[in-house]
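Enquirer: Structure below; questions to follow.
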Amino acid sequence: MIFLHADTPAWMLFPIVLPLIAGLLCFLFSRRTFVIALAAVLANFLVVCLLIYQLLVFGSMRCHMGGWQPPLGISLRTDGPALLMLLMTAVTGLAITLYARGYFSYRIFDPPRAGRHQRQQRFFWPLWMLLLAGLNGLFLSNDIFNIYVTLELIGISAASLAALSGKPASQLASFRYLLISLLGSLTYLLGIVFLYRSCGVLDLDLLQNLSNNGPGVRAALALMSVGLLLKTALFPLHFWLPPAHANALAPVSAILSALVVKGSFYLLFRFWFEIFPSTITTPALNFMGTLGAAAILWGAIQAMRQHRLKLMVAYSTVSQLGYLFIAFPLARVDGSAQLWSIVIFMALAHSCAKSAMFMVAGTVFLHLGHDRIKDLSGVRATLPITVFAYGIAGVSLMGLPPSGAFIAKWMLLSSSLASSQWWWALVVMSGSLLAMIYVFRVMSRFFVIPEGVSFIRPAPFSPLLEWPALALALISLFLGLVAPWPLHILSQGSTALAQSFPGGLP
Amino acid sequence: MITTLLYSLTGLILFAMGLFTLIVHSHPLRKILAVNVMSTGVFLILVATAYTPLGQGEIDPVPHAMVLTGIVVSVSITALALILACRVQETSNLDLLEKSKQSKARKESGA
């Protein structure tokens with residue numbers, strides 16, 4: 001019998017088990033799906049808060065499943081970055097759950113297609129819960145093969161979610177998405193095989209302590225990186241992302257764009273800078289930085305050229321993911337502490353802002369029946385809160401103060417100038433400028449009201465369609481004001497990160 | 001040792017063949033089969049890894065557990081991919097094989 005005290009490591013099982021049980025219950029009781037999912041997401045949020053409290057009071061924790069010690073058993077652990085990613089998932093997940101409720105209840109009122117929308121809703125909730133369980137498992141897991149299983153869980157549920165909308169385009173896109181994610185995880189598995197051959201262990205702590213630097217480990221790291229890059233959609237491997245994200249239902253696009261790509265990126269970052277730092281060479285870091293720079297520019301240019309709002313937002317994801325990789329070549333100078341804070345801030349801000357933006361796109365689509373950018377005029381008159389949320393999320397994407405992205409970009413700029421690698425700073429600034437162009441291009445459309453056109457009031461819809469997007473956008477905007485707080489969590493419980501942060505914060 | 005190497009090399013070749021087919025061929029069923037060949041290659045290398053300490057008369061059980069997990073994952077993903085491929089064919093009339101045959105036939109008749 002386990003007694004759950006505040007300092008029991010077994011609490012960290014709950015973020016994985018709760019959504020899993022909720023997913024099963026959603027299959028069984030198809031009438032009360034929303035209540036079950038909401039309860040699971042809320043409980044998940046509370047448990048994550050408790051875990052953060054645990055981290056601040058007792059430090060980093062390990063939980064050995066079934067009492068088996070690491071070389072044989074699987075262990076979970078909590079530390080600063082993992083908990084911040086969990087918190088990001090919990091907050092964004094809560095908002096997306098509320099929004100999905102509003103979205104589906106609006107769509108079910110549409111009589112000719114009510115049956116189809118009910119079916120979509122019935123499958124959405126269990127799959128979303130399964131995806132949440134996979135993501136939480138990914139962030140908590142400390143075993144490299146267990147991570148493979150969570151990657152596959154995420155891949156399966158994400159591809160099925162992307163296919164939910166039922167349009168031919170979305171089915172083709174999600175088939176491609178499934179194959180790509182399968183290819184990525186197979187490459188990752190091949191990497192595990194190489195790693196197991198040369199090290200003989202699967203636990204991340206043991207691998208870190210071995211600090212083996214042989215050719216086997218290098219090949220393994222290369223294979224795993226390629227697999228994870230494919231899943232993260234870094235620039236030349238991003239081709240699957242825009243169709244898959246843009247053709248899905250709006251809550252699904254928000255999930256895929258805000259959370260799923262972050263999971264594989266988090267792993268990649270952890271492997272490069274925490275588990276195998278001795279294997280990494282400067283050319284490899286510069287290569288990643290170059291790809292990131294190309295992603296920023298290419299994604300932004302493509303985003304400017306799109307004619308549909310959702311495709312524009314999807315390409316903006318490609319562009320924003322580039323910032324995460326530009327942080328790589330700065331590692332030589334700053335060490336991993338500064339790097340973690342840049343990357344985590346970027347990920348947090350982007351996750352909130354991008355899911356808010358996809359929610360806005362979904363609401364506009366529901367309201368107008370299309371999302372062609374050139375016909376979006378006058379939306380401001382009918383959906384003021386949604387347009388406000390779009391503006392705030394756009395501010396966060398551009399990286400204006402006081403958003404979280406501003407803090408991340410500021411740190412990027414200052415460390416790239418401090419290490420006399422000014423070209424990265426140039427890319428960051430031009431990326432912000434391009435982001436401004438594609439955000440304002442839509443924003444100006446929202447405010448144009450053609451003369452002599454009277455707008456009919458929209459059909460009454462649930463406040464859940466508008467407020468979650470605004471809440472997320474505001475969180476991403478004010479993330480910069482509470483910056484010391486996440487940095488404090490980040491610096492807890494990890495010896496590599498315990499060094500004090502340089503006082504470069506504005 | 002030579003046995004392990006042989007099996008591992010076969011696995012790598014299977015992986016490469018699968019990757020090549022996945023990229024080059026456009027038919028959905030071929031792509032699914034290619035992915036399956038790739039995963040078989042990876043499993044073969046894993047099984048060969050377990051075979052390594054033959055001299056001491058013991059076999060490492062961890063890769064076996066990994067192969068079993070991998071097979072379960074691969075079967076379920078193949079099922080999902082097949083369903084999605086069927087849906088794609090139904091909804092979009094995208095019968096790639098038929099189309100390419102027809103266009104070939106047209107070309108031949110035209111010539």
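Convention: chains lettered A, B, ... in structure tokens order; per-chain residue numbering from 1; ligands numbered from 1 as shown.
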Starting from chain B, keep only residues with some atom at most 9 Å from an atom of chain A, counting only C-alpha atoms, and report them as a PyMOL selection string.
Expert: chain B and resi 19+22+28+31-32+35+38-39+42-43+45-46+49+62-63+66+69-70+73-74+76-77+80-81+84-85+87-88+90-92
Enquirer: Generate the output file for the selected residues, N, CA and C atoms, as a short mmCIF file (atom, residue, chain, number, x, y, z; two decimals), in the first residue's frame.
Expert:
data_model
loop_
_atom_site.label_atom_id
_atom_site.label_comp_id
_atom_site.auth_asym_id
_atom_site.auth_seq_id
_atom_site.Cartn_x
_atom_site.Cartn_y
_atom_site.Cartn_z
N LEU B 19 13.99 2.11 -46.69
CA LEU B 19 14.04 3.58 -46.78
C LEU B 19 13.98 4.02 -48.23
N LEU B 22 10.51 3.58 -49.55
CA LEU B 22 9.60 4.56 -48.94
C LEU B 22 9.71 5.90 -49.64
N PRO B 28 0.56 3.98 -51.77
CA PRO B 28 0.45 3.88 -50.30
C PRO B 28 0.81 2.50 -49.76
N LYS B 31 4.45 1.95 -49.64
CA LYS B 31 5.08 2.72 -48.56
C LYS B 31 4.91 1.98 -47.24
N ILE B 32 3.71 1.44 -47.00
CA ILE B 32 3.48 0.73 -45.73
C ILE B 32 4.37 -0.50 -45.65
N VAL B 35 7.94 0.47 -44.87
CA VAL B 35 8.16 0.77 -43.45
C VAL B 35 8.27 -0.52 -42.64
N MET B 38 11.64 -1.94 -43.10
CA MET B 38 12.60 -1.19 -42.29
C MET B 38 12.57 -1.66 -40.84
N SER B 39 11.34 -1.81 -40.29
CA SER B 39 11.28 -2.19 -38.88
C SER B 39 11.81 -3.60 -38.69
N VAL B 42 15.50 -3.35 -38.30
CA VAL B 42 15.91 -2.90 -36.97
C VAL B 42 15.79 -4.05 -35.96
N PHE B 43 14.69 -4.81 -36.05
CA PHE B 43 14.50 -5.91 -35.10
C PHE B 43 15.58 -6.96 -35.27
N ILE B 45 18.66 -6.49 -36.19
CA ILE B 45 19.89 -6.02 -35.54
C ILE B 45 19.76 -6.19 -34.03
N LEU B 46 18.58 -5.90 -33.50
CA LEU B 46 18.38 -6.03 -32.05
C LEU B 46 18.57 -7.48 -31.61
N THR B 49 22.06 -8.35 -31.52
CA THR B 49 22.73 -7.77 -30.36
C THR B 49 22.60 -8.69 -29.14
N VAL B 62 17.34 -8.17 -22.51
CA VAL B 62 16.76 -6.83 -22.71
C VAL B 62 16.38 -6.57 -24.17
N PRO B 63 17.28 -6.89 -25.15
CA PRO B 63 16.88 -6.66 -26.54
C PRO B 63 15.65 -7.46 -26.95
N MET B 66 12.77 -5.53 -26.00
CA MET B 66 12.61 -4.38 -26.89
C MET B 66 12.01 -4.81 -28.23
N THR B 69 8.25 -5.40 -27.81
CA THR B 69 7.53 -4.12 -27.77
C THR B 69 7.46 -3.52 -29.17
N GLY B 70 8.60 -3.58 -29.86
CA GLY B 70 8.66 -2.99 -31.20
C GLY B 70 7.69 -3.67 -32.15
N VAL B 73 4.15 -2.49 -31.43
CA VAL B 73 3.95 -1.13 -31.94
C VAL B 73 3.81 -1.16 -33.45
N SER B 74 4.68 -1.94 -34.11
CA SER B 74 4.71 -1.94 -35.57
C SER B 74 3.41 -2.52 -36.13
N SER B 76 0.42 -2.48 -34.70
CA SER B 76 -0.71 -1.55 -34.54
C SER B 76 -0.60 -0.38 -35.49
N ILE B 77 0.63 0.09 -35.70
CA ILE B 77 0.78 1.23 -36.62
C ILE B 77 0.47 0.80 -38.05
N LEU B 80 -3.25 0.89 -38.47
CA LEU B 80 -3.74 2.27 -38.60
C LEU B 80 -3.42 2.83 -39.98
N ALA B 81 -2.19 2.56 -40.45
CA ALA B 81 -1.78 3.09 -41.75
C ALA B 81 -2.62 2.48 -42.86
N LEU B 84 -5.99 4.17 -42.88
CA LEU B 84 -5.89 5.52 -43.44
C LEU B 84 -5.72 5.46 -44.95
N ALA B 85 -4.90 4.49 -45.43
CA ALA B 85 -4.68 4.38 -46.87
C ALA B 85 -5.98 4.04 -47.58
N ARG B 87 -8.98 4.82 -46.57
CA ARG B 87 -9.79 6.02 -46.56
C ARG B 87 -9.35 7.00 -47.64
N VAL B 88 -8.04 7.14 -47.77
CA VAL B 88 -7.53 8.06 -48.79
C VAL B 88 -8.00 7.61 -50.16
N GLU B 90 -10.65 5.79 -50.89
CA GLU B 90 -12.11 5.93 -51.04
C GLU B 90 -12.50 7.37 -51.30
N THR B 91 -12.00 8.29 -50.45
CA THR B 91 -12.52 9.65 -50.50
C THR B 91 -11.95 10.45 -51.65
N SER B 92 -10.72 10.16 -52.05
CA SER B 92 -10.13 11.06 -53.03
C SER B 92 -9.98 10.42 -54.41
#
Enquirer: Could you give me, as a short mmCIF file (atom, residue, chain, number, x, y, z; two decimals) with N, CA and C atoms, in the first residue's frame, the residues within 9 Å of Ile255 (chain A), counting only C-alpha atoms and dropping anything in the same chain fewer than 2 positions from it?
Expert:
data_model
loop_
_atom_site.label_atom_id
_atom_site.label_comp_id
_atom_site.auth_asym_id
_atom_site.auth_seq_id
_atom_site.Cartn_x
_atom_site.Cartn_y
_atom_site.Cartn_z
N THR A 92 -1.71 24.64 -21.57
CA THR A 92 -2.23 24.68 -22.94
C THR A 92 -3.32 23.64 -23.11
N GLY A 93 -3.12 22.47 -22.49
CA GLY A 93 -4.10 21.40 -22.62
C GLY A 93 -5.43 21.79 -22.00
N ILE A 96 -7.10 24.16 -24.39
CA ILE A 96 -7.54 23.49 -25.61
C ILE A 96 -8.77 22.63 -25.33
N TRP A 128 -7.29 12.52 -27.66
CA TRP A 128 -6.60 13.66 -27.04
C TRP A 128 -6.06 13.24 -25.68
N ALA A 158 -1.59 11.32 -32.63
CA ALA A 158 -1.57 12.58 -33.38
C ALA A 158 -2.03 12.36 -34.81
N ALA A 250 -9.66 22.63 -35.79
CA ALA A 250 -8.91 23.69 -35.11
C ALA A 250 -8.31 23.26 -33.76
N PRO A 251 -9.05 22.59 -32.86
CA PRO A 251 -8.39 22.20 -31.61
C PRO A 251 -7.24 21.24 -31.85
N VAL A 252 -7.39 20.37 -32.86
CA VAL A 252 -6.31 19.42 -33.17
C VAL A 252 -5.09 20.16 -33.68
N SER A 253 -5.29 21.16 -34.56
CA SER A 253 -4.14 21.93 -35.05
C SER A 253 -3.42 22.57 -33.88
N SER A 257 0.45 21.71 -33.12
CA SER A 257 1.44 22.75 -33.34
C SER A 257 2.07 23.21 -32.03
N ALA A 258 1.26 23.22 -30.95
CA ALA A 258 1.77 23.77 -29.70
C ALA A 258 2.51 22.71 -28.90
N LEU A 259 2.06 21.48 -28.91
CA LEU A 259 2.61 20.50 -27.98
C LEU A 259 3.44 19.40 -28.65
N VAL A 260 2.91 18.81 -29.75
CA VAL A 260 3.54 17.59 -30.26
C VAL A 260 4.96 17.84 -30.77
N SER A 355 -1.12 28.14 -30.03
CA SER A 355 -2.42 27.50 -29.86
C SER A 355 -3.52 28.57 -29.85
#
Enquirer: Contacts of region 283-291 of chain A at 6 Å or less, counting only C-alpha atoms, minus same-chain residues fewer than 4 places along, as a list in words?
Expert: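 Everything that qualifies: Phe325, Ile326, Phe328 and Pro329 of chain A.
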Enquirer: What is the CA of His27 (chain B)-CA of Leu164 (chain A) distance in Å, reported with one decimal?
Expert: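 Answer for the CA of His27 (chain B) to CA of Leu164 (chain A) separation: 22.4 Å.
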Enquirer: DSSP on the backbone, helix (DSSP H, G or I) only: what residues of region 13-239 of chain A does that give? Format it as a PyMOL selection string.
Expert: chain A and resi 13-28+33-58+65-67+80-108+111-140+144-162+168-199+204-210+215-232+235-237
Enquirer: Go through B:Leu29, B:Val47, B:Val72, B:Cys86 one by one, measure the shortest atom-to-atom distance of each to Ser8 (chain B) using only C-alpha atoms, and give the residue with the smallest value.
Expert: B:Val47
Enquirer: Mind the document's chain letters and residue numbers, and return as a list of chain:residue names the residues of region 22-96 of chain A that DSSP labels strand (DSSP E).
Expert: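 For region 22-96 of chain A, the strand (DSSP E) set is A:Met61, A:Arg62, A:Cys63, A:His64, A:Ser75, A:Leu76, A:Arg77, A:Thr78.
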Enquirer: Would you write out those residues with N, CA and C atoms, as a PDB file, in the first residue's frame?
Expert:
ATOM      1  N   MET A  61      13.587  14.415  -8.221  1.00  0.00           N
ATOM      2  CA  MET A  61      13.130  13.129  -7.686  1.00  0.00           C
ATOM      3  C   MET A  61      13.269  12.025  -8.723  1.00  0.00           C
ATOM      4  N   ARG A  62      13.431  10.806  -8.263  1.00  0.00           N
ATOM      5  CA  ARG A  62      13.415   9.628  -9.126  1.00  0.00           C
ATOM      6  C   ARG A  62      12.304   8.707  -8.663  1.00  0.00           C
ATOM      7  N   CYS A  63      11.647   8.051  -9.588  1.00  0.00           N
ATOM      8  CA  CYS A  63      10.643   7.051  -9.212  1.00  0.00           C
ATOM      9  C   CYS A  63      10.948   5.784  -9.997  1.00  0.00           C
ATOM     10  N   HIS A  64      11.314   4.718  -9.297  1.00  0.00           N
ATOM     11  CA  HIS A  64      11.619   3.466  -9.984  1.00  0.00           C
ATOM     12  C   HIS A  64      10.359   2.628 -10.062  1.00  0.00           C
ATOM     13  N   SER A  75      12.829   4.037 -14.987  1.00  0.00           N
ATOM     14  CA  SER A  75      12.635   5.047 -13.955  1.00  0.00           C
ATOM     15  C   SER A  75      12.076   6.333 -14.574  1.00  0.00           C
ATOM     16  N   LEU A  76      11.363   7.069 -13.735  1.00  0.00           N
ATOM     17  CA  LEU A  76      10.874   8.391 -14.106  1.00  0.00           C
ATOM     18  C   LEU A  76      11.607   9.396 -13.237  1.00  0.00           C
ATOM     19  N   ARG A  77      11.789  10.607 -13.724  1.00  0.00           N
ATOM     20  CA  ARG A  77      12.397  11.614 -12.859  1.00  0.00           C
ATOM     21  C   ARG A  77      11.797  12.983 -13.173  1.00  0.00           C
ATOM     22  N   THR A  78      11.836  13.839 -12.148  1.00  0.00           N
ATOM     23  CA  THR A  78      11.399  15.212 -12.370  1.00  0.00           C
ATOM     24  C   THR A  78      12.607  16.114 -12.214  1.00  0.00           C
TER      25      THR A  78
END
Enquirer: Quick one: everything within 9 Å of Phe478 (chain A), counting only C-alpha atoms, minus sequence neighbours fewer than 5 positions away in the same chain. Send it as a PyMOL selection string.
Expert: chain A and resi 401-404+473+483
Enquirer: Considering only C-alpha atoms, state which residue in the set B:Val24, B:Ala34, B:Leu44, B:Ala79 is at the smallest distance from Leu5 (chain B).
Expert: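 Looking at the shortest contact to Leu5 (chain B), the residue is B:Leu44.
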Enquirer: With only C-alpha atoms as the counted atoms, please give the residues lying no more than 10 Å from region 423-435 of chain A, apart from itself and same-chain residues fewer than 5 positions off, as a ChimeraX atom specification.
Expert: /A:289-290,292-301,303-304,316,319-320,322-323,326-327,329-330,394-395,397-400,406,409-410,412-417,440-441
Enquirer: Got a sec: who's within 6 Å of Gly41 (chain B), counting only C-alpha atoms, leaving out chain neighbours fewer than 5 positions off, as a list in words?
Expert: Gly11, Leu14 and Phe15 of chain B
